[in-house]
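Chemist: Below you'll find model-v9.txt; it's compact mmCIF, C-alpha atoms and all ligand atoms.
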```
# COMPACT_ATOMS: atom_id res chain seq x y z
CA MET O 170 -112.56 -38.75 42.06
CA THR O 171 -113.61 -35.33 40.88
CA GLY O 172 -113.46 -32.29 43.05
CA ARG O 173 -110.63 -30.23 41.71
CA VAL O 174 -111.20 -26.58 42.40
CA ALA O 175 -111.52 -26.02 38.65
CA ASP O 176 -114.20 -28.69 38.39
CA GLY O 177 -116.75 -26.30 39.85
CA PRO O 178 -119.61 -27.07 42.15
CA ARG O 179 -118.54 -29.55 44.71
CA LEU O 180 -120.36 -27.69 47.43
CA THR O 181 -123.80 -26.25 47.01
CA ARG O 182 -125.92 -23.84 48.96
CA ALA O 183 -128.08 -26.84 49.71
CA GLY O 184 -125.25 -27.81 52.00
CA ALA O 185 -123.79 -30.89 50.33
CA ALA O 186 -120.69 -31.84 52.21
CA VAL O 187 -117.30 -31.71 50.57
CA PRO O 188 -114.83 -34.25 51.84
CA GLY O 189 -111.53 -32.71 52.84
CA ARG O 190 -108.76 -34.71 54.29
CA ALA O 191 -105.72 -33.24 55.88
CA ARG O 192 -102.59 -33.94 53.86
CA GLU O 193 -104.62 -35.19 50.89
CA GLU O 194 -105.61 -31.88 49.35
CA SER O 195 -103.62 -29.59 47.17
CA LEU O 196 -104.71 -26.59 45.21
CA ASP O 197 -103.87 -28.23 41.92
CA GLY O 198 -104.73 -31.75 42.98
CA GLY O 199 -108.11 -30.89 44.46
CA LEU O 200 -110.08 -32.73 47.07
CA ARG O 201 -109.50 -36.41 47.35
CA GLY O 202 -110.62 -39.18 49.59
CA GLN O 203 -114.07 -40.25 50.70
CA ASP O 204 -112.62 -41.06 54.11
CA ALA O 205 -112.12 -37.43 55.04
CA ASP O 206 -111.22 -36.51 58.60
CA VAL O 207 -112.99 -33.18 58.21
CA ALA O 208 -116.06 -32.58 56.02
CA PHE O 209 -117.24 -29.13 54.99
CA ALA O 210 -120.76 -27.81 54.60
CA ASP O 211 -122.71 -24.56 54.94
CA VAL O 212 -123.16 -23.53 58.55
CA ALA O 213 -126.39 -24.65 60.20
CA ASP O 214 -128.35 -22.99 63.00
CA ASP O 215 -127.01 -25.45 65.55
CA ASP O 216 -123.42 -24.58 64.61
CA VAL O 217 -123.59 -20.88 65.39
CA GLU O 218 -122.37 -20.98 68.99
CA ASP O 219 -119.59 -23.42 68.12
CA VAL O 220 -118.43 -21.29 65.20
CA VAL O 221 -118.32 -18.10 67.26
CA ALA O 222 -116.45 -19.99 69.98
CA LEU O 223 -113.97 -21.18 67.35
CA TRP O 224 -113.45 -17.62 66.10
CA ARG O 225 -112.85 -16.45 69.66
CA ALA O 226 -110.43 -19.30 70.36
CA CYS O 227 -108.55 -18.28 67.21
CA ASP O 228 -108.53 -14.59 68.23
CA LEU O 229 -110.45 -13.55 65.13
CA THR O 230 -113.15 -11.51 66.85
CA ARG O 231 -112.85 -7.80 67.50
CA PRO O 232 -114.94 -5.67 69.88
CA TRP O 233 -116.21 -3.52 67.03
CA ASN O 234 -117.50 -6.46 64.96
CA ASP O 235 -120.39 -8.53 66.31
CA PRO O 236 -119.48 -12.06 65.23
CA TYR O 237 -123.10 -13.21 65.41
CA ARG O 238 -124.15 -10.44 63.08
CA ASP O 239 -121.26 -11.11 60.70
CA LEU O 240 -122.28 -14.75 60.60
CA ALA O 241 -125.97 -14.01 60.12
CA ASP O 242 -125.28 -11.47 57.36
CA ALA O 243 -123.12 -13.94 55.46
CA ARG O 244 -125.83 -16.58 55.70
CA LEU O 245 -128.44 -14.15 54.41
CA GLY O 246 -126.43 -13.05 51.39
CA GLU O 247 -127.18 -14.64 48.03
CA THR O 248 -123.49 -14.88 47.23
CA SER O 249 -121.95 -15.51 50.62
CA THR O 250 -121.78 -18.28 53.13
CA VAL O 251 -119.94 -19.59 56.14
CA LEU O 252 -118.48 -23.04 55.65
CA VAL O 253 -117.84 -25.18 58.66
CA GLY O 254 -115.61 -28.20 58.89
CA ARG O 255 -116.70 -31.00 61.16
CA ALA O 256 -114.61 -33.92 62.35
CA THR O 257 -115.94 -37.09 60.76
CA ARG O 258 -114.40 -39.27 63.43
CA ASP O 259 -112.58 -38.90 66.73
CA LEU O 260 -109.21 -37.30 66.00
CA PRO O 261 -106.11 -36.96 68.14
CA GLY O 262 -105.25 -33.36 68.96
CA ARG O 263 -102.07 -31.86 67.58
CA ALA O 264 -99.94 -32.37 70.66
CA SER O 265 -100.73 -36.06 70.87
CA ALA O 266 -100.29 -36.43 67.11
CA ASP O 267 -96.80 -34.96 67.42
CA GLY O 268 -96.04 -36.96 70.51
CA ASP O 269 -95.04 -33.66 72.05
CA PRO O 270 -97.09 -32.77 75.11
CA GLY O 271 -95.68 -29.24 75.03
CA GLY O 272 -96.30 -28.76 71.34
CA GLY O 273 -99.69 -27.09 71.52
CA PRO O 274 -103.24 -27.53 72.70
CA SER O 275 -104.02 -31.15 73.31
CA GLY O 276 -107.17 -33.17 73.62
CA VAL O 277 -109.10 -35.53 71.44
CA VAL O 278 -111.50 -33.94 68.97
CA ARG O 279 -114.79 -35.77 68.96
CA ALA O 280 -116.63 -36.83 65.82
CA GLY O 281 -119.10 -34.14 64.78
CA GLU O 282 -117.30 -31.25 66.46
CA VAL O 283 -116.93 -28.02 64.50
CA VAL O 284 -113.18 -27.69 63.97
CA ALA O 285 -112.80 -25.24 61.08
CA SER O 286 -114.52 -22.37 59.34
CA ALA O 287 -114.26 -19.98 56.43
CA MET O 288 -116.58 -17.16 55.47
CA ALA O 289 -116.78 -16.78 51.71
CA GLY O 290 -118.42 -14.19 49.49
CA VAL O 291 -118.35 -13.13 45.86
CA ASP O 292 -118.44 -9.50 44.77
CA GLY O 293 -119.22 -10.36 41.16
CA HIS O 294 -115.64 -10.84 40.03
CA ARG O 295 -113.56 -11.84 42.99
CA GLY O 296 -114.26 -14.14 45.85
CA TRP O 297 -113.25 -13.07 49.33
CA LEU O 298 -112.38 -15.15 52.37
CA TYR O 299 -112.81 -14.16 56.00
CA TYR O 300 -112.77 -15.95 59.36
CA VAL O 301 -110.47 -18.75 58.19
CA ALA O 302 -110.00 -20.69 61.40
CA VAL O 303 -108.92 -24.10 62.61
CA ASP O 304 -109.43 -25.47 66.10
CA PRO O 305 -106.11 -24.97 67.90
CA ARG O 306 -106.05 -28.70 68.67
CA LEU O 307 -105.86 -29.46 64.94
CA GLN O 308 -103.71 -26.60 63.72
CA GLY O 309 -100.67 -27.79 61.85
CA THR O 310 -102.31 -30.97 60.61
CA GLY O 311 -103.46 -29.81 57.17
CA THR O 312 -106.96 -28.76 58.19
CA GLY O 313 -106.34 -25.12 57.31
CA ARG O 314 -105.32 -26.09 53.79
CA ALA O 315 -108.42 -28.27 53.46
CA THR O 316 -110.57 -25.38 54.68
CA VAL O 317 -109.20 -22.92 52.15
CA VAL O 318 -109.50 -25.50 49.34
CA ALA O 319 -113.16 -26.11 50.25
CA ALA O 320 -113.86 -22.36 50.36
CA GLU O 321 -112.13 -21.83 47.02
CA ALA O 322 -114.29 -24.58 45.51
CA TRP O 323 -117.38 -22.83 46.83
CA LEU O 324 -116.25 -19.49 45.38
CA ALA O 325 -115.40 -21.06 42.01
CA ALA O 326 -118.85 -22.66 41.91
CA GLN O 327 -120.31 -19.18 42.41
CA GLY O 328 -118.39 -17.89 39.40
CA ALA O 329 -115.55 -16.12 41.15
CA ARG O 330 -112.49 -15.77 38.94
CA ALA O 331 -110.00 -14.92 41.65
CA VAL O 332 -109.79 -15.09 45.39
CA ARG O 333 -108.64 -12.43 47.80
CA LEU O 334 -108.32 -12.12 51.54
CA MET O 335 -107.05 -9.59 54.01
CA VAL O 336 -104.55 -10.35 56.75
CA ARG O 337 -104.42 -8.00 59.69
CA SER O 338 -101.03 -6.40 60.10
CA THR O 339 -101.07 -7.73 63.66
CA ASN O 340 -101.35 -11.29 62.28
CA ASP O 341 -98.31 -11.26 60.05
CA ALA O 342 -97.31 -14.77 61.11
CA VAL O 343 -100.20 -16.24 59.15
CA ARG O 344 -98.85 -14.98 55.85
CA GLY O 345 -96.58 -18.02 55.63
CA PHE O 346 -99.63 -20.26 55.67
CA TYR O 347 -101.24 -18.47 52.74
CA GLU O 348 -97.96 -18.37 50.84
CA ARG O 349 -97.80 -22.18 51.13
CA LEU O 350 -101.21 -22.24 49.46
CA GLY O 351 -100.09 -20.06 46.57
CA TYR O 352 -101.33 -16.68 47.80
CA VAL O 353 -99.14 -13.70 46.99
CA ASP O 354 -99.13 -10.08 48.03
CA GLN O 355 -101.46 -8.16 45.71
CA GLU O 356 -99.54 -4.95 46.37
CA CYS O 357 -102.68 -3.11 47.40
CA VAL O 358 -103.43 -0.94 50.38
CA VAL O 359 -106.87 -1.53 51.85
CA LEU O 360 -108.72 1.71 52.56
CA GLY O 361 -112.04 1.98 54.35
CA ARG O 362 -114.41 4.14 56.31
CA PRO O 363 -117.68 3.54 58.09
CA LEU O 364 -120.95 4.18 56.32
CA GLY O 365 -123.77 6.09 57.89
CA ALA O 366 -125.76 3.45 59.72
CA ALA O 367 -126.56 4.34 63.31
CA ASP O 368 -124.74 1.25 64.58
CA ALA O 369 -121.71 1.85 62.38
CA ARG O 370 -119.73 4.02 64.77
CA ASP O 371 -116.79 1.61 64.72
CA ALA O 372 -117.47 -0.11 61.42
CA GLY O 373 -114.72 -0.15 58.89
CA ARG O 374 -111.97 -0.74 61.40
C1 LIG U 401 -104.01 -20.01 59.85
C2 LIG U 401 -104.65 -21.38 60.13
C3 LIG U 401 -106.05 -21.40 59.55
C4 LIG U 401 -103.79 -22.44 59.45
O1 LIG U 401 -104.40 -23.69 59.67
P1 LIG U 401 -103.51 -24.99 59.93
O2 LIG U 401 -104.42 -26.16 59.99
O3 LIG U 401 -102.63 -24.74 61.09
O4 LIG U 401 -102.61 -25.04 58.61
P2 LIG U 401 -102.17 -26.36 57.81
O5 LIG U 401 -101.69 -27.39 58.77
O6 LIG U 401 -103.24 -26.74 56.86
O7 LIG U 401 -100.92 -25.77 57.00
C5 LIG U 401 -100.87 -25.80 55.57
C6 LIG U 401 -99.45 -25.47 55.18
O8 LIG U 401 -99.11 -24.15 55.64
C7 LIG U 401 -97.96 -24.22 56.49
N1 LIG U 401 -98.18 -23.25 57.55
C8 LIG U 401 -99.20 -23.22 58.44
N2 LIG U 401 -99.08 -22.14 59.24
C9 LIG U 401 -97.98 -21.49 58.84
C10 LIG U 401 -97.32 -20.30 59.26
N3 LIG U 401 -97.79 -19.55 60.26
N4 LIG U 401 -96.18 -19.93 58.62
C11 LIG U 401 -95.70 -20.66 57.59
N5 LIG U 401 -96.28 -21.80 57.14
C12 LIG U 401 -97.40 -22.18 57.76
C13 LIG U 401 -97.94 -25.64 57.00
O9 LIG U 401 -96.61 -26.01 57.36
C14 LIG U 401 -98.44 -26.41 55.80
O10 LIG U 401 -97.42 -26.57 54.86
P3 LIG U 401 -97.37 -27.90 53.93
O11 LIG U 401 -98.78 -28.12 53.41
O12 LIG U 401 -96.42 -27.56 52.88
O13 LIG U 401 -96.96 -29.01 54.83
C15 LIG U 401 -104.67 -21.68 61.65
O14 LIG U 401 -103.35 -21.63 62.15
C16 LIG U 401 -105.54 -20.75 62.44
O15 LIG U 401 -106.74 -20.99 62.59
N6 LIG U 401 -104.96 -19.64 62.96
C17 LIG U 401 -105.70 -18.71 63.79
C18 LIG U 401 -106.71 -17.92 63.00
C19 LIG U 401 -106.07 -17.09 61.89
O16 LIG U 401 -105.08 -16.40 62.07
N7 LIG U 401 -106.70 -17.16 60.69
C20 LIG U 401 -106.27 -16.42 59.52
C21 LIG U 401 -106.93 -15.08 59.48
S1 LIG U 401 -106.40 -14.13 58.03
```
Kindly transcribe the structure held in the file into structure tokens.

Modeler:
Amino acid sequence: MTGRVADGPRLTRAGAAVPGRAREESLDGGLRGQDADVAFADVADDDVEDVVALWRACDLTRPWNDPYRDLADARLGETSTVLVGRATRDLPGRASADGDPGGGPSGVVRAGEVVASAMAGVDGHRGWLYYVAVDPRLQGTGTGRATVVAAEAWLAAQGARAVRLMVRSTNDAVRGFYERLGYVDQECVVLGRPLGAADARDAGR
């Protein structure tokens, strides 16, 4: 099956789903398996509340960023999107999968539920990822890897030649995840400041 990241457009702005199966993706091996547990597509109107709830459950929202506006802006952009991953069948939550009732959030994930997201955008050269999130019930099962692979495929299809993302210094624990996916420190300091819009008092934080 095709679908390697380098193969280009596996996911279109028309919203064609990309299969992504936990434990079956790798950055060099690409997406495999028609029987994906999680399938990725552009966010739809009906997903908005679920996606924002996912971001909140994953502690990705901040008081100074309106998540609804972030989501809407990404959908409006010609070179940006929000991908959502939906369970294609009922899936056991992480705790039950591990057989460890104390191992994390439990509960069956129902087919069709939004369980993952990534915001992706291209600045002309590089692609950027934001709001990479996996439902806590499925964290640690390969869904995060599948999400990043799907987002990278989207960025590559848009012509991006490299991918970048920012990790908050308060979220240092997540760096191990990205390192497993081949991401390395770019030895840059991110600088920023708000622009002049009336509602930008806290922007840039
Ligand atoms: C970060 C996140 C997306 C990872 O998703 P996930 O489904 O738990 O990750 P996966 O199960 O796909 O893990 C992929 C690999 O990374 C490893 N990994 C995952 N989290 C890790 C961590 N914190 N430290 C080190 N390695 C980690 C896994 O062991 C796995 O390794 P393997 O493929 O060699 O077996 C998820 O934990 C999450 O949503 N966190 C909260 C939101 C967040 O912080 N997002 C990132 C914002 S920058």

Chemist: Residues within 9 Å of ligand LIG 401 (chain U) (only C-alpha atoms and all ligand atoms), as number ranges by chain?

Modeler: O: 191-192, 194-195, 223-224, 226-229, 285-287, 298-305, 307-317, 334-337, 340-350

Chemist: Can you work out the spacing between atom CA of Gln355 of chain O and atom CA of Arg295 of chain O in Å, to one decimal?

Modeler: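 Value for the atom CA of Gln355 of chain O-atom CA of Arg295 of chain O distance: 12.9 Å.
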
Chemist: Rounded to one decimal, what separation in Å do you get between atom CA of Trp297 of chain O and atom CA of Ala256 of chain O?

Modeler: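 Interatomic distance, atom CA of Trp297 of chain O to atom CA of Ala256 of chain O: 24.6 Å.
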
Chemist: Neighbouring residues of Glu356 of chain O were defined as those with any atom within 12 Å, considering all atoms listed in the file; residues of the same chain fewer than 3 positions away were excluded. Please report them as a PyMOL selection string.

Modeler: chain O and resi 333+335+352-353+359

Chemist: Box for segment 308-321 of chain O: with edges along x, y and z, all listed atoms inside and 3 Å added on each side, what are the centre and edge lengths in Å to one decimal, as lines of an AutoDock Vina configuration file?

Modeler:
```
center_x = -107.3
center_y = -26.4
center_z = 55.4
size_x = 19.2
size_y = 15.1
size_z = 22.7
```

Chemist: To one decimal in Å, tell me the separation between atom CA of Glu218 of chain O and atom CA of Glu247 of chain O.

Modeler: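 Value for the atom CA of Glu218 of chain O-atom CA of Glu247 of chain O distance: 22.4 Å.
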